[in-house]
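Structure file entry_18.txt; described as compact mmCIF, C-alpha atoms (C1' of nucleotides).
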# COMPACT_ATOMS: atom_id res chain seq x y z
CA MET J 1143 138.54 -88.59 -27.22
CA THR J 1144 136.14 -86.58 -25.06
CA ALA J 1145 137.17 -83.87 -22.66
CA THR J 1146 137.33 -84.70 -18.98
CA THR J 1147 134.72 -82.11 -18.11
CA VAL J 1148 132.23 -80.69 -20.56
CA ALA J 1149 132.14 -76.93 -20.99
CA PRO J 1150 129.08 -75.95 -18.96
CA ALA J 1151 127.97 -73.24 -21.38
CA ARG J 1152 128.03 -75.68 -24.27
CA ALA J 1153 126.16 -78.30 -22.27
CA ALA J 1154 123.51 -75.79 -21.27
CA GLN J 1155 123.05 -74.68 -24.87
CA LEU J 1156 122.67 -78.22 -26.10
CA PHE J 1157 120.24 -79.22 -23.37
CA HIS J 1158 118.26 -76.04 -23.81
CA ALA J 1159 117.82 -76.76 -27.51
CA LEU J 1160 116.44 -80.16 -26.56
CA SER J 1161 114.13 -78.88 -23.84
CA ASP J 1162 111.18 -78.04 -26.07
CA GLU J 1163 108.59 -80.50 -27.35
CA THR J 1164 108.28 -78.85 -30.75
CA ARG J 1165 112.02 -79.13 -31.27
CA LEU J 1166 112.00 -82.74 -30.13
CA GLY J 1167 109.24 -83.33 -32.67
CA ILE J 1168 111.38 -81.82 -35.38
CA LEU J 1169 114.32 -84.04 -34.47
CA GLU J 1170 112.08 -87.09 -34.38
CA MET J 1171 110.95 -86.30 -37.93
CA LEU J 1172 114.51 -85.76 -39.08
CA ARG J 1173 115.52 -89.16 -37.77
CA GLY J 1174 114.12 -90.60 -40.97
CA GLY J 1175 116.33 -88.37 -43.10
CA GLU J 1176 116.50 -84.90 -44.51
CA ARG J 1177 113.28 -82.85 -44.68
CA CYS J 1178 112.29 -79.48 -46.08
CA VAL J 1179 110.58 -76.92 -43.89
CA CYS J 1180 107.32 -77.22 -45.79
CA ASP J 1181 107.29 -80.91 -44.95
CA LEU J 1182 107.80 -80.28 -41.26
CA GLN J 1183 105.15 -77.61 -41.34
CA VAL J 1184 102.51 -80.06 -42.48
CA ASP J 1185 103.45 -82.99 -40.28
CA LEU J 1186 103.96 -80.95 -37.13
CA ASP J 1187 101.02 -78.66 -37.79
CA ALA J 1188 103.11 -75.64 -36.87
CA ALA J 1189 103.04 -72.14 -38.26
CA GLN J 1190 105.90 -71.37 -40.63
CA SER J 1191 107.25 -68.64 -38.41
CA ARG J 1192 107.19 -70.86 -35.37
CA LEU J 1193 109.02 -73.61 -37.16
CA SER J 1194 111.65 -71.22 -38.43
CA PHE J 1195 112.26 -70.05 -34.88
CA HIS J 1196 112.77 -73.55 -33.54
CA LEU J 1197 114.92 -74.63 -36.46
CA ARG J 1198 117.18 -71.70 -35.71
CA VAL J 1199 117.57 -72.75 -32.10
CA LEU J 1200 118.47 -76.26 -33.20
CA LYS J 1201 120.85 -74.96 -35.81
CA ASP J 1202 122.56 -72.55 -33.42
CA ALA J 1203 123.13 -75.44 -31.06
CA GLY J 1204 124.65 -77.44 -33.89
CA LEU J 1205 122.02 -80.15 -33.70
CA VAL J 1206 120.88 -79.70 -37.30
CA THR J 1207 122.24 -78.33 -40.58
CA ASP J 1208 120.40 -76.88 -43.48
CA ARG J 1209 120.96 -77.20 -47.20
CA LYS J 1210 119.49 -74.68 -49.61
CA ASP J 1211 118.05 -76.00 -52.87
CA GLY J 1212 116.22 -73.39 -54.91
CA ARG J 1213 113.34 -72.14 -52.84
CA TRP J 1214 113.61 -74.97 -50.37
CA SER J 1215 115.58 -75.42 -47.19
CA HIS J 1216 116.32 -78.98 -46.22
CA TYR J 1217 117.24 -79.75 -42.64
CA SER J 1218 118.95 -82.80 -41.27
CA ILE J 1219 120.37 -84.04 -37.99
CA VAL J 1220 124.02 -83.60 -37.06
CA PRO J 1221 124.74 -86.95 -35.42
CA GLU J 1222 127.91 -85.67 -33.75
CA ALA J 1223 125.87 -83.26 -31.63
CA LEU J 1224 123.78 -86.11 -30.29
CA THR J 1225 126.97 -87.95 -29.54
CA GLU J 1226 128.01 -84.96 -27.48
CA VAL J 1227 124.77 -85.21 -25.53
CA HIS J 1228 125.35 -88.89 -25.08
CA ASP J 1229 128.86 -88.30 -23.76
CA MET J 1230 127.66 -85.60 -21.40
CA ALA J 1231 125.15 -87.93 -19.82
CA VAL J 1232 127.88 -90.47 -19.27
CA GLU J 1233 130.26 -87.91 -17.80
CA MET J 1234 127.64 -86.65 -15.40
CA GLN J 1235 127.23 -90.03 -13.74
CA PRO J 1236 128.58 -90.17 -10.19
CA ARG J 1237 132.23 -91.09 -9.96
CA LYS J 1238 133.14 -94.56 -8.80
CA ARG J 1239 134.16 -94.49 -5.19
CA ALA J 1240 132.07 -91.40 -4.58
CA LEU J 1241 132.52 -90.77 -0.88
CA SER J 1242 129.34 -90.75 1.09
CA ILE J 1243 131.09 -89.16 4.02
CA ARG J 1244 133.07 -86.11 3.04
CA SER J 1245 136.12 -84.78 4.82
CA GLY J 1246 135.58 -81.02 4.80
CA SER J 1247 131.83 -81.15 5.03
CA CYS J 1248 130.10 -78.40 6.94
CA CYS J 1249 127.83 -80.86 8.67
CA GLY J 1250 129.56 -83.99 9.74
CA MET N 385 114.74 -102.51 -22.22
CA THR N 386 114.06 -98.97 -23.26
CA ALA N 387 110.91 -97.76 -24.97
CA THR N 388 110.95 -97.32 -28.73
CA THR N 389 110.13 -93.63 -28.51
CA VAL N 390 110.67 -91.50 -25.44
CA ALA N 391 107.70 -89.59 -24.08
CA PRO N 392 108.33 -86.07 -25.38
CA ALA N 393 107.05 -84.35 -22.25
CA ARG N 394 109.40 -86.37 -20.10
CA ALA N 395 112.32 -85.72 -22.41
CA ALA N 396 111.62 -82.00 -22.41
CA GLN N 397 111.45 -81.93 -18.62
CA LEU N 398 114.73 -83.76 -18.25
CA PHE N 399 116.55 -81.63 -20.80
CA HIS N 400 115.12 -78.46 -19.33
CA ALA N 401 116.44 -79.39 -15.91
CA LEU N 402 119.88 -79.80 -17.46
CA SER N 403 119.75 -76.57 -19.45
CA ASP N 404 121.02 -74.26 -16.71
CA GLU N 405 124.64 -73.73 -15.73
CA THR N 406 123.91 -73.45 -12.04
CA ARG N 407 122.12 -76.79 -12.11
CA LEU N 408 124.93 -78.39 -14.08
CA GLY N 409 127.30 -77.05 -11.43
CA ILE N 410 125.22 -78.68 -8.72
CA LEU N 411 125.27 -82.01 -10.52
CA GLU N 412 129.00 -81.74 -11.06
CA MET N 413 129.45 -81.30 -7.31
CA LEU N 414 127.16 -84.19 -6.54
CA ARG N 415 129.21 -86.48 -8.78
CA GLY N 416 131.60 -86.85 -5.87
CA GLY N 417 128.82 -88.02 -3.58
CA GLU N 418 126.07 -86.71 -1.38
CA ARG N 419 126.22 -83.05 -0.28
CA CYS N 420 124.21 -80.83 2.00
CA VAL N 421 122.78 -77.56 0.76
CA CYS N 422 125.11 -75.53 2.95
CA ASP N 423 128.04 -77.23 1.25
CA LEU N 424 126.77 -76.39 -2.22
CA GLN N 425 126.09 -72.84 -1.14
CA VAL N 426 129.71 -72.25 -0.29
CA ASP N 427 131.27 -74.02 -3.25
CA LEU N 428 128.92 -72.59 -5.85
CA ASP N 429 128.78 -69.15 -4.24
CA ALA N 430 125.03 -69.08 -4.68
CA ALA N 431 122.38 -67.56 -2.44
CA GLN N 432 120.45 -70.07 -0.37
CA SER N 433 117.17 -69.21 -2.02
CA ARG N 434 118.61 -69.55 -5.48
CA LEU N 435 120.08 -72.93 -4.69
CA SER N 436 116.81 -74.14 -3.22
CA PHE N 437 115.05 -73.15 -6.42
CA HIS N 438 117.43 -75.07 -8.66
CA LEU N 439 117.50 -78.10 -6.40
CA ARG N 440 113.75 -78.23 -6.69
CA VAL N 441 113.89 -78.21 -10.48
CA LEU N 442 116.41 -81.04 -10.41
CA LYS N 443 114.35 -82.95 -7.88
CA ASP N 444 111.11 -82.50 -9.81
CA ALA N 445 112.85 -83.90 -12.87
CA GLY N 446 114.00 -86.88 -10.83
CA LEU N 447 117.67 -86.09 -11.33
CA VAL N 448 118.41 -85.81 -7.61
CA THR N 449 116.96 -87.02 -4.33
CA ASP N 450 117.19 -85.46 -0.92
CA ARG N 451 117.63 -86.98 2.48
CA LYS N 452 116.73 -85.07 5.61
CA ASP N 453 119.03 -85.38 8.59
CA GLY N 454 118.22 -83.07 11.44
CA ARG N 455 118.47 -79.54 10.17
CA TRP N 456 120.32 -80.57 7.03
CA SER N 457 119.16 -81.67 3.63
CA HIS N 458 121.54 -83.87 1.72
CA TYR N 459 121.20 -84.17 -2.02
CA SER N 460 122.55 -86.83 -4.32
CA ILE N 461 122.34 -87.82 -7.96
CA VAL N 462 119.81 -90.36 -9.21
CA PRO N 463 121.93 -92.29 -11.72
CA GLU N 464 118.89 -93.80 -13.43
CA ALA N 465 117.78 -90.36 -14.59
CA LEU N 466 121.11 -89.81 -16.31
CA THR N 467 120.73 -93.20 -17.91
CA GLU N 468 117.43 -91.97 -19.29
CA VAL N 469 119.19 -88.98 -20.80
CA HIS N 470 121.82 -91.24 -22.22
CA ASP N 471 119.20 -93.49 -23.80
CA MET N 472 117.34 -90.54 -25.24
CA ALA N 473 120.45 -89.28 -27.00
CA VAL N 474 120.94 -92.71 -28.49
CA GLU N 475 117.32 -92.98 -29.60
CA MET N 476 117.43 -89.60 -31.26
CA GLN N 477 120.20 -90.59 -33.62
CA PRO N 478 119.08 -90.91 -37.24
CA ARG N 479 117.74 -94.32 -38.15
CA LYS N 480 119.93 -96.60 -40.21
CA ARG N 481 118.83 -96.53 -43.81
CA ALA N 482 117.40 -93.04 -43.37
CA LEU N 483 116.08 -92.17 -46.79
CA SER N 484 117.62 -89.07 -48.31
CA ILE N 485 114.91 -88.94 -50.92
CA ARG N 486 111.45 -89.19 -49.49
CA SER N 487 108.39 -90.51 -51.28
CA GLY N 488 105.63 -88.15 -50.22
CA SER N 489 107.87 -85.12 -50.01
CA CYS N 490 106.34 -81.79 -51.00
CA CYS N 491 109.41 -80.82 -52.97
CA GLY N 492 110.77 -83.63 -55.03
C1' DC X 1446 107.74 -58.65 -66.11
C1' DC X 1447 104.27 -60.34 -62.77
C1' DG X 1448 102.36 -63.24 -59.37
C1' DA X 1449 102.98 -67.14 -56.34
C1' DT X 1450 105.81 -69.87 -53.25
C1' DT X 1451 109.34 -70.84 -49.70
C1' DC X 1452 111.49 -69.35 -45.87
C1' DA X 1453 113.98 -65.98 -42.70
C1' DT X 1454 113.36 -62.04 -39.98
C1' DC X 1455 111.00 -58.57 -37.36
C1' DA X 1456 107.94 -56.33 -33.84
C1' DA X 1457 104.62 -57.08 -30.37
C1' DC X 1458 102.75 -59.64 -26.93
C1' DG X 1459 101.97 -62.99 -23.11
C1' DT X 1460 104.19 -66.64 -20.59
C1' DT X 1461 107.81 -68.88 -18.26
C1' DT X 1462 112.10 -68.76 -15.93
C1' DG X 1463 115.54 -67.25 -12.69
C1' DT X 1464 116.98 -63.83 -9.10
C1' DT X 1465 116.58 -61.36 -4.75
C1' DG X 1466 115.22 -60.47 -0.20
C1' DA X 1467 111.86 -61.57 3.45
C1' DT X 1468 109.21 -64.88 5.89
C1' DT X 1469 108.32 -69.34 7.88
C1' DG X 1470 109.02 -73.93 9.86
C1' DA X 1471 111.87 -77.41 11.74
C1' DC X 1472 115.46 -78.57 14.52
C1' DA X 1473 119.31 -78.11 17.81
C1' DA X 1474 122.03 -75.77 21.47
C1' DC X 1475 121.84 -73.32 25.47
C1' DG T 39 111.56 -71.54 27.29
C1' DT T 40 114.91 -68.52 24.05
C1' DT T 41 118.14 -68.13 20.49
C1' DG T 42 120.58 -69.53 16.34
C1' DT T 43 120.94 -72.28 12.17
C1' DC T 44 119.38 -74.81 7.92
C1' DA T 45 116.51 -74.83 4.25
C1' DA T 46 111.83 -74.45 1.86
C1' DT T 47 108.58 -71.08 0.37
C1' DC T 48 106.73 -66.68 -0.95
C1' DA T 49 106.21 -62.14 -3.39
C1' DA T 50 108.17 -59.00 -6.53
C1' DC T 51 110.77 -58.06 -10.25
C1' DA T 52 113.68 -58.53 -14.58
C1' DA T 53 115.16 -61.34 -18.31
C1' DA T 54 114.59 -65.00 -21.51
C1' DC T 55 111.48 -67.70 -24.21
C1' DG T 56 107.90 -69.00 -27.52
C1' DT T 57 103.88 -67.47 -30.32
C1' DT T 58 101.62 -64.72 -33.75
C1' DG T 59 101.01 -61.95 -37.71
C1' DA T 60 103.41 -58.93 -40.96
C1' DT T 61 107.24 -57.83 -43.89
C1' DG T 62 111.01 -58.88 -46.99
C1' DA T 63 114.29 -61.54 -49.88
C1' DA T 64 115.03 -65.16 -53.09
C1' DT T 65 113.28 -68.33 -56.42
C1' DC T 66 110.31 -70.29 -59.79
C1' DG T 67 106.35 -70.49 -63.19
C1' DG T 68 103.58 -68.17 -66.33
Could I get this file's structure written as structure tokens?
Amino acid sequence: MTATTVAPARAAQLFHALSDETRLGILEMLRGGERCVCDLQVDLDAAQSRLSFHLRVLKDAGLVTDRKDGRWSHYSIVPEALTEVHDMAVEMQPRKRALSIRSGSCCG
Amino acid sequence: MTATTVAPARAAQLFHALSDETRLGILEMLRGGERCVCDLQVDLDAAQSRLSFHLRVLKDAGLVTDRKDGRWSHYSIVPEALTEVHDMAVEMQPRKRALSIRSGSCCG
DNA sequence: CCGATTCATCAACGTTTGTTGATTGACAAC
DNA sequence: GTTGTCAATCAACAAACGTTGATGAATCGG
């Protein structure tokens, strides 16, 4: 069950993590399954340092996880986080019976 | 029908507009129906200039529209934009049959 | 042990974002 | 007309963000 109202700080964090094209590119790549950083580096043509930065943002927001295997870090999507985003979008829709004329409005 | 892949620039713009707590607060207020700026100012305890700034970001992203009525501007949610967000979250989910082991991977 | 590879972290920098207070324009009341 | 109100815009500033290149830690191959 989802909360009635989403915690604004959490929503902002999630949306912020998704508000960058490089990060969206990373997620798009991860849609096909787990990838190591070196993989992403090649396909996204991004400097290693830059990628590391963006992966951290995604990880801090809970959108991805990493798995260490020897020298390699493998990242993959956390589907639950995207479900959160999904739910937020639904919850933000106007309420049914949203009053066009409001009682206590300053400008009637 | 929704596109197979969302335009990244559009997605980034939409998510960016949603990545601020003040703006999320505005949208939450608008869920109940159309509101004038003066209304939002009081309820969100935000300076007029600040509110104007955030309303512009939301408007530029297509998340809200405004209606002028005499001296007042009334803002309301554009539900279609939230549907876009919803769809994006769905489209970002990992593909079914996402391969855990990848063929051309750099680190087999 | 030594060198190479993978990746995270750091410092420095420029850019973007958000805030504040002042100005301006449009409208309404008088 | 003059005055007051609503809201967009502007300039100035501070904070957050993203990029780059360098450094460092861990791992693997020779």
How close does range 1146-1246 of chain J get to range 49-67 of chain T? List, as a tab-separated table, each residue of range 1146-1246 of chain J within 7 Å, its nearest atom pair and the distance in Å to one decimal, counting all atoms listed in the file.
residue	atom	partner	partner_atom	distance
J:Arg1192	CA	T:DT57	C1'	6.9
J:Gly1212	CA	T:DT65	C1'	6.0
J:Arg1213	CA	T:DT65	C1'	5.2
Near-range 395-405 of chain N list (7 Å; only C-alpha atoms (C1' of nucleotides); drop same-chain fewer than 6 positions) as JSON, numbers by chain: {"J": [1150, 1151, 1154, 1155, 1157, 1158, 1160, 1161, 1162, 1163], "N": [441, 442, 445]}
Chain X residues near chain J within 8 Å, closest pair each, using only C-alpha atoms (C1' of nucleotides), as CSV:
residue,atom,partner,partner_atom,distance
X:DT1450,C1',J:Arg1213,CA,7.9
X:DT1451,C1',J:Arg1213,CA,5.2
X:DC1452,C1',J:Ser1215,CA,7.4
X:DA1453,C1',J:Ser1194,CA,7.1
Distance criterion (all atoms listed in the file): nearest to chain J out of N:Arg415, N:Lys480, N:Lys443, N:His438: N:Arg415
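Going from CA of Asp471 in chain N to CA of Asp450 in chain N covers 24.3 Å.
CA of Met1171 in chain J to CA of Asp1185 in chain J spans 8.5 Å [interatomic distance, one decimal].
Distances from J:Lys1210, J:Leu1182, J:Ala1149, J:Arg1237 to Leu1169 in chain J were compared using only C-alpha atoms, and the smallest one belongs to J:Leu1182.
Proximity of N:Ile461, N:Ala431, N:Leu408, N:Val390 to chain T, computed with only C-alpha atoms (C1' of nucleotides), is greatest for N:Ala431.
Distances here use only C-alpha atoms; by that measure, the residue among N:Val462, N:Val426, N:Val448, N:Ala473 closest to chain J is N:Ala473.
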Distance-based interface of chain T with chain N, 10 Å, counting all atoms listed in the file, as a ChimeraX atom specification: /T:43-47
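Separating C1' of DA1473 in chain X from CA of Asp423 in chain N is a distance of 18.7 Å.
Minimum atom-to-atom distances from N:Ala465, N:Gly416, N:Arg394, N:Ser460 to chain J were compared using all atoms listed in the file, and the lowest value belongs to N:Gly416.
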